[in-house]
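Peer 1: Below is one structure. I have some questions about it.
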Amino acid sequence: MFIRSVTKQQASAVIMMMTMLSSSSTFVRSFTTYRGRRVVAFGTRLFSTTEETTEKQGVATDTSGVYPFAEIEPKWQAFWAENGTFKTPERDTSKPKKYILDMFPYPSGAGLHVGHPEGYTASDIMARYYRMTGYDVLHPIGWDSFGLPAEQYAITNNVHPEITTKANIANFKRQLQMLGFSYDWDKEIATTDVDYVKWTQWIFLQLFKCGLAEQNSIPVNWCPALGTVLANEEIINGKSERGDHPVERLPLRQWQLKITEYAEQLLSGLD
């Protein structure tokens, strides 16, 4: 299969190179076979592995051209989708397992920015590496889709936030799929989905029953104009970053979770 065309040693080398290049704007894109050679593409630069059989077979070794995205990406992305290449397998307890989770993006109207694929590329390398080395891999993606921008856009333009959020998610999904990441799209979720919210409410009830949720009066950054609480990083010189509205510091009664009382149990449960 295509994802097995790079050896374990080569994948390890790619991870090392990714680490060294993490401070630059160049990032790993994909593995493939091009002109008879195994290649790894970093942005628009092309790095190829050396095969002893290449010269013997008389295959051209010129790598001066750029990576042919239009030729290779649609072909293999269609193959992955049609064959369920990255579908999470039924758990085989004889194999080790690996859960590789990306931070879900907030689907803004602006679409992806360069910081998204830079981080997701690193985790995608790890997901592909562990699949190639015999692990059962769970590598999902989803959308952290609640957000102040969606609320304010809805209020300003008199459009239900569900409409704009779904449109933004569709755009983000299209862009991520064009990048060829090895996500199991069958596991896709959005934090605004009714079925998802139902389970967050259920989890809260379990925490409350165990005495791990309580109400307290806590000082917060309240913005009357936006009608919401703001994080410190959303405030500039005493005003909201969005809209430049005045912000007040006042106590607000709210729920708190006693995270430190069950953090260790959560951590040990991953083993």
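Starting from 1 in every chain, residues are counted up; chains themselves are A, B, ... following the order of the structure tokens, and ligands are numbered from 1 as listed.
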As a PDB file with N, CA, C and O atoms, in the first residue's frame, please: the residues near Gln77 (chain A) (cut-off 9 Å, only C-alpha atoms, same-chain neighbours under 5 positions excluded).

Peer 2:
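Output file out_32.pdb is given in full below:
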ATOM      1  N   ILE A  72      -0.008  13.972  -8.252  1.00  0.00           N
ATOM      2  CA  ILE A  72       0.059  12.922  -7.244  1.00  0.00           C
ATOM      3  C   ILE A  72      -1.037  13.005  -6.186  1.00  0.00           C
ATOM      4  O   ILE A  72      -1.661  12.007  -5.839  1.00  0.00           O
ATOM      5  N   GLU A  82     -11.445   5.919  -1.187  1.00  0.00           N
ATOM      6  CA  GLU A  82     -12.167   4.768  -1.728  1.00  0.00           C
ATOM      7  C   GLU A  82     -11.871   3.485  -0.967  1.00  0.00           C
ATOM      8  O   GLU A  82     -12.738   2.613  -0.823  1.00  0.00           O
ATOM      9  N   GLN A 177      -8.915  18.214   3.719  1.00  0.00           N
ATOM     10  CA  GLN A 177      -8.869  17.047   2.844  1.00  0.00           C
ATOM     11  C   GLN A 177      -7.948  17.286   1.654  1.00  0.00           C
ATOM     12  O   GLN A 177      -7.295  16.353   1.171  1.00  0.00           O
ATOM     13  N   MET A 178      -7.846  18.522   1.195  1.00  0.00           N
ATOM     14  CA  MET A 178      -6.917  18.827   0.108  1.00  0.00           C
ATOM     15  C   MET A 178      -5.469  18.626   0.534  1.00  0.00           C
ATOM     16  O   MET A 178      -4.604  18.333  -0.297  1.00  0.00           O
ATOM     17  N   LEU A 179      -5.193  18.769   1.838  1.00  0.00           N
ATOM     18  CA  LEU A 179      -3.835  18.605   2.344  1.00  0.00           C
ATOM     19  C   LEU A 179      -3.450  17.141   2.530  1.00  0.00           C
ATOM     20  O   LEU A 179      -2.285  16.829   2.761  1.00  0.00           O
ATOM     21  N   GLY A 180      -4.421  16.238   2.442  1.00  0.00           N
ATOM     22  CA  GLY A 180      -4.105  14.815   2.445  1.00  0.00           C
ATOM     23  C   GLY A 180      -3.734  14.220   3.787  1.00  0.00           C
ATOM     24  O   GLY A 180      -3.016  13.218   3.843  1.00  0.00           O
ATOM     25  N   PHE A 181      -4.205  14.787   4.891  1.00  0.00           N
ATOM     26  CA  PHE A 181      -3.898  14.222   6.207  1.00  0.00           C
ATOM     27  C   PHE A 181      -4.619  12.888   6.400  1.00  0.00           C
ATOM     28  O   PHE A 181      -5.695  12.662   5.837  1.00  0.00           O
TER      29      PHE A 181
END

Peer 1: Which value, in Å to one decimal, gives the distance between CA of Thr192 (chain A) and CA of Ala213 (chain A)?

Peer 2: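 The value is 22.3 Å.
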
Peer 1: For Gly134 (chain A), which of A:Asp92, A:Glu188, A:Glu241, A:Glu71 is the closest residue, counting only C-alpha atoms?

Peer 2: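 The shortest atom-to-atom distance to Gly134 (chain A) comes from A:Asp92.
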
Peer 1: Can you list, as an MDAnalysis selection string, every residue of region 113-184 of chain A that DSSP puts in strand (DSSP E or B)?

Peer 2: chainID A and resid 136:138 142:143

Peer 1: Please provide the set of residues having any atom within 12 Å of Trp143 (chain A), restricted to only C-alpha atoms, with same-chain residues fewer than 4 positions apart removed, written as a list in words.

Peer 2: Asp102, Met103, Phe104, Pro105, Tyr106, Pro107, Ser108, Gly147, Thr165, Lys166, Asn168, Ile169, Ala170, Asn171, Phe172, Lys173, Leu176, Trp185, Lys187, Glu188, Ile189, Ala190, Thr191, Thr192, Asp193 and Tyr196 of chain A

Peer 1: Would you save the residues of that selection, restricted to N, CA and C atoms, as an mmCIF file, in the first residue's frame?

Peer 2:
data_model
loop_
_atom_site.group_PDB
_atom_site.id
_atom_site.type_symbol
_atom_site.label_atom_id
_atom_site.label_comp_id
_atom_site.auth_asym_id
_atom_site.auth_seq_id
_atom_site.Cartn_x
_atom_site.Cartn_y
_atom_site.Cartn_z
ATOM 1 N N ASP A 102 -5.217 15.630 17.481
ATOM 2 C CA ASP A 102 -4.899 17.024 17.186
ATOM 3 C C ASP A 102 -5.837 17.942 17.966
ATOM 4 N N MET A 103 -5.379 19.148 18.244
ATOM 5 C CA MET A 103 -6.258 20.157 18.812
ATOM 6 C C MET A 103 -7.275 20.541 17.739
ATOM 7 N N PHE A 104 -8.555 20.367 18.040
ATOM 8 C CA PHE A 104 -9.582 20.680 17.057
ATOM 9 C C PHE A 104 -9.575 22.185 16.736
ATOM 10 N N PRO A 105 -9.610 22.556 15.464
ATOM 11 C CA PRO A 105 -9.600 23.973 15.111
ATOM 12 C C PRO A 105 -10.967 24.624 15.315
ATOM 13 N N TYR A 106 -10.934 25.913 15.568
ATOM 14 C CA TYR A 106 -12.184 26.679 15.556
ATOM 15 C C TYR A 106 -12.461 27.058 14.100
ATOM 16 N N PRO A 107 -13.600 26.657 13.538
ATOM 17 C CA PRO A 107 -13.881 26.911 12.117
ATOM 18 C C PRO A 107 -14.327 28.353 11.858
ATOM 19 N N SER A 108 -13.379 29.242 11.746
ATOM 20 C CA SER A 108 -13.679 30.645 11.486
ATOM 21 C C SER A 108 -14.033 30.834 10.015
ATOM 22 N N GLY A 147 -17.982 29.633 19.662
ATOM 23 C CA GLY A 147 -17.036 30.735 19.711
ATOM 24 C C GLY A 147 -17.706 32.092 19.655
ATOM 25 N N THR A 165 -21.884 28.411 11.043
ATOM 26 C CA THR A 165 -20.933 27.429 11.589
ATOM 27 C C THR A 165 -20.819 26.221 10.674
ATOM 28 N N LYS A 166 -21.940 25.721 10.178
ATOM 29 C CA LYS A 166 -21.900 24.556 9.282
ATOM 30 C C LYS A 166 -21.202 24.894 7.971
ATOM 31 N N ASN A 168 -18.826 27.162 7.595
ATOM 32 C CA ASN A 168 -17.397 27.287 7.895
ATOM 33 C C ASN A 168 -16.747 25.920 8.076
ATOM 34 N N ILE A 169 -17.459 25.001 8.728
ATOM 35 C CA ILE A 169 -16.935 23.644 8.910
ATOM 36 C C ILE A 169 -16.728 22.965 7.561
ATOM 37 N N ALA A 170 -17.698 23.121 6.658
ATOM 38 C CA ALA A 170 -17.581 22.515 5.330
ATOM 39 C C ALA A 170 -16.351 23.044 4.596
ATOM 40 N N ASN A 171 -16.064 24.342 4.747
ATOM 41 C CA ASN A 171 -14.896 24.929 4.098
ATOM 42 C C ASN A 171 -13.601 24.410 4.714
ATOM 43 N N PHE A 172 -13.548 24.354 6.045
ATOM 44 C CA PHE A 172 -12.363 23.828 6.728
ATOM 45 C C PHE A 172 -12.110 22.376 6.336
ATOM 46 N N LYS A 173 -13.180 21.594 6.283
ATOM 47 C CA LYS A 173 -13.038 20.175 5.931
ATOM 48 C C LYS A 173 -12.496 20.027 4.514
ATOM 49 N N LEU A 176 -8.754 20.859 4.643
ATOM 50 C CA LEU A 176 -7.952 19.813 5.284
ATOM 51 C C LEU A 176 -7.837 18.577 4.399
ATOM 52 N N TRP A 185 -12.139 10.145 8.920
ATOM 53 C CA TRP A 185 -13.241 11.103 8.854
ATOM 54 C C TRP A 185 -14.540 10.521 9.376
ATOM 55 N N LYS A 187 -14.823 9.439 12.221
ATOM 56 C CA LYS A 187 -14.820 9.833 13.637
ATOM 57 C C LYS A 187 -15.022 11.341 13.823
ATOM 58 N N GLU A 188 -15.315 12.060 12.754
ATOM 59 C CA GLU A 188 -15.457 13.519 12.819
ATOM 60 C C GLU A 188 -16.592 13.933 13.759
ATOM 61 N N ILE A 189 -16.318 14.935 14.603
ATOM 62 C CA ILE A 189 -17.339 15.485 15.486
ATOM 63 C C ILE A 189 -17.202 17.007 15.520
ATOM 64 N N ALA A 190 -18.270 17.672 15.937
ATOM 65 C CA ALA A 190 -18.237 19.117 16.176
ATOM 66 C C ALA A 190 -18.825 19.353 17.553
ATOM 67 N N THR A 191 -18.219 20.253 18.293
ATOM 68 C CA THR A 191 -18.679 20.486 19.672
ATOM 69 C C THR A 191 -20.049 21.153 19.723
ATOM 70 N N THR A 192 -20.564 21.581 18.561
ATOM 71 C CA THR A 192 -21.912 22.148 18.498
ATOM 72 C C THR A 192 -22.960 21.117 18.103
ATOM 73 N N ASP A 193 -22.541 19.895 17.794
ATOM 74 C CA ASP A 193 -23.500 18.842 17.460
ATOM 75 C C ASP A 193 -24.358 18.511 18.674
ATOM 76 N N TYR A 196 -23.181 15.515 20.531
ATOM 77 C CA TYR A 196 -21.967 15.762 21.314
ATOM 78 C C TYR A 196 -22.309 16.496 22.608
#

Peer 1: With a distance cut-off of 7 Å and only C-alpha atoms, select the neighbouring residues of region 243-256 of chain A, excluding the residue or stretch itself and same-chain residues fewer than 4 positions from it, and output the selection as a list in words.

Peer 2: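 Listing them by chain and then by number gives Ala213, Glu214, Gln215, Asn216, Ser217, Ile218, Pro219, Val220, Asn221, Trp222, Cys223, Ala225, Gly238 and Lys239 of chain A.
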
Peer 1: Convert the current residue selection to file output with all heavy atoms, as a CSV table (one decimal), in the first residue's frame.

Peer 2:
chain,number,residue,atom,x,y,z
A,213,ALA,N,-18.0,18.9,41.1
A,213,ALA,CA,-18.5,20.1,40.5
A,213,ALA,C,-19.2,20.9,41.5
A,213,ALA,O,-20.0,20.4,42.3
A,213,ALA,CB,-19.4,19.8,39.3
A,214,GLU,N,-18.8,22.2,41.6
A,214,GLU,CA,-19.4,23.1,42.6
A,214,GLU,C,-19.5,24.5,42.1
A,214,GLU,O,-18.8,24.9,41.2
A,214,GLU,CB,-18.5,23.1,43.9
A,214,GLU,CG,-17.1,23.6,43.8
A,214,GLU,CD,-16.3,23.6,45.0
A,214,GLU,OE1,-16.8,23.0,46.0
A,214,GLU,OE2,-15.2,24.2,45.1
A,215,GLN,N,-20.3,25.3,42.7
A,215,GLN,CA,-20.5,26.7,42.3
A,215,GLN,C,-19.7,27.6,43.3
A,215,GLN,O,-19.7,27.4,44.5
A,215,GLN,CB,-22.0,27.1,42.3
A,215,GLN,CG,-22.7,26.6,41.1
A,215,GLN,CD,-24.1,27.2,41.1
A,215,GLN,OE1,-24.7,27.6,42.1
A,215,GLN,NE2,-24.6,27.3,39.8
A,216,ASN,N,-19.0,28.6,42.7
A,216,ASN,CA,-18.3,29.6,43.4
A,216,ASN,C,-18.4,31.0,42.7
A,216,ASN,O,-18.7,31.0,41.5
A,216,ASN,CB,-16.8,29.3,43.5
A,216,ASN,CG,-16.6,28.2,44.6
A,216,ASN,OD1,-17.1,28.3,45.7
A,216,ASN,ND2,-15.8,27.2,44.3
A,217,SER,N,-18.2,32.0,43.5
A,217,SER,CA,-18.2,33.4,42.9
A,217,SER,C,-16.7,33.7,42.6
A,217,SER,O,-15.9,33.8,43.5
A,217,SER,CB,-18.8,34.4,43.9
A,217,SER,OG,-18.8,35.6,43.3
A,218,ILE,N,-16.4,33.8,41.3
A,218,ILE,CA,-15.1,34.0,40.8
A,218,ILE,C,-15.0,35.3,40.0
A,218,ILE,O,-15.8,35.6,39.2
A,218,ILE,CB,-14.7,32.8,39.9
A,218,ILE,CG1,-14.9,31.5,40.6
A,218,ILE,CG2,-13.2,33.0,39.5
A,218,ILE,CD1,-14.1,31.3,41.8
A,219,PRO,N,-13.9,36.1,40.3
A,219,PRO,CA,-13.7,37.3,39.5
A,219,PRO,C,-13.5,37.0,38.0
A,219,PRO,O,-12.7,36.1,37.7
A,219,PRO,CB,-12.5,38.0,40.1
A,219,PRO,CG,-12.4,37.4,41.5
A,219,PRO,CD,-12.9,36.0,41.3
A,220,VAL,N,-14.2,37.7,37.1
A,220,VAL,CA,-14.0,37.5,35.7
A,220,VAL,C,-13.9,38.8,34.9
A,220,VAL,O,-14.2,39.9,35.5
A,220,VAL,CB,-15.2,36.7,35.1
A,220,VAL,CG1,-15.3,35.3,35.8
A,220,VAL,CG2,-16.5,37.4,35.3
A,221,ASN,N,-13.6,38.7,33.7
A,221,ASN,CA,-13.5,39.9,32.8
A,221,ASN,C,-14.9,39.9,32.0
A,221,ASN,O,-15.1,39.2,31.1
A,221,ASN,CB,-12.4,39.8,31.8
A,221,ASN,CG,-11.0,39.6,32.5
A,221,ASN,OD1,-10.7,40.4,33.4
A,221,ASN,ND2,-10.2,38.7,32.0
A,222,TRP,N,-15.8,40.8,32.4
A,222,TRP,CA,-17.1,40.9,31.9
A,222,TRP,C,-17.2,42.1,30.9
A,222,TRP,O,-16.8,43.2,31.2
A,222,TRP,CB,-18.1,41.1,32.9
A,222,TRP,CG,-19.5,41.3,32.4
A,222,TRP,CD1,-20.2,42.5,32.4
A,222,TRP,CD2,-20.4,40.4,31.8
A,222,TRP,NE1,-21.4,42.3,31.8
A,222,TRP,CE2,-21.6,41.0,31.4
A,222,TRP,CE3,-20.3,39.0,31.5
A,222,TRP,CZ2,-22.6,40.4,30.8
A,222,TRP,CZ3,-21.3,38.4,30.9
A,222,TRP,CH2,-22.5,39.0,30.6
A,223,CYS,N,-17.7,41.8,29.7
A,223,CYS,CA,-17.8,42.8,28.6
A,223,CYS,C,-19.3,43.0,28.4
A,223,CYS,O,-20.0,42.1,27.7
A,223,CYS,CB,-17.1,42.4,27.3
A,223,CYS,SG,-17.3,43.6,26.0
A,225,ALA,N,-21.0,45.0,26.4
A,225,ALA,CA,-21.4,45.1,25.0
A,225,ALA,C,-21.4,43.8,24.3
A,225,ALA,O,-22.3,43.6,23.5
A,225,ALA,CB,-20.4,46.1,24.3
A,238,GLY,N,-7.5,47.2,28.6
A,238,GLY,CA,-8.7,47.3,29.3
A,238,GLY,C,-10.0,47.2,28.4
A,238,GLY,O,-11.1,47.4,28.9
A,239,LYS,N,-9.8,46.9,27.1
A,239,LYS,CA,-10.9,46.8,26.2
A,239,LYS,C,-10.9,45.5,25.4
A,239,LYS,O,-9.8,44.9,25.3
A,239,LYS,CB,-10.9,48.0,25.2
A,239,LYS,CG,-11.2,49.4,25.9
A,239,LYS,CD,-11.3,50.5,24.9
A,239,LYS,CE,-11.6,51.8,25.5
A,239,LYS,NZ,-11.8,52.9,24.5

Peer 1: Could you give me, as a ChimeraX atom specification, the residues within 9 Å of Thr164 (chain A), counting only C-alpha atoms and dropping anything in the same chain fewer than 5 positions from it?

Peer 2: /A:109,150,153-154,159,169

Peer 1: For Leu148 (chain A), which residue out of A:Ile100, A:Ala231, A:Ala110, A:Leu257 is the nearest one, using only C-alpha atoms?

Peer 2: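 Of all the options, A:Ala231 lies closest to Leu148 (chain A).
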
Peer 1: What does the distance between CA of Ile235 (chain A) and CA of Gln152 (chain A) come to in Å, to one decimal place?

Peer 2: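 Rounded to one decimal, the two atoms are 16.3 Å apart.
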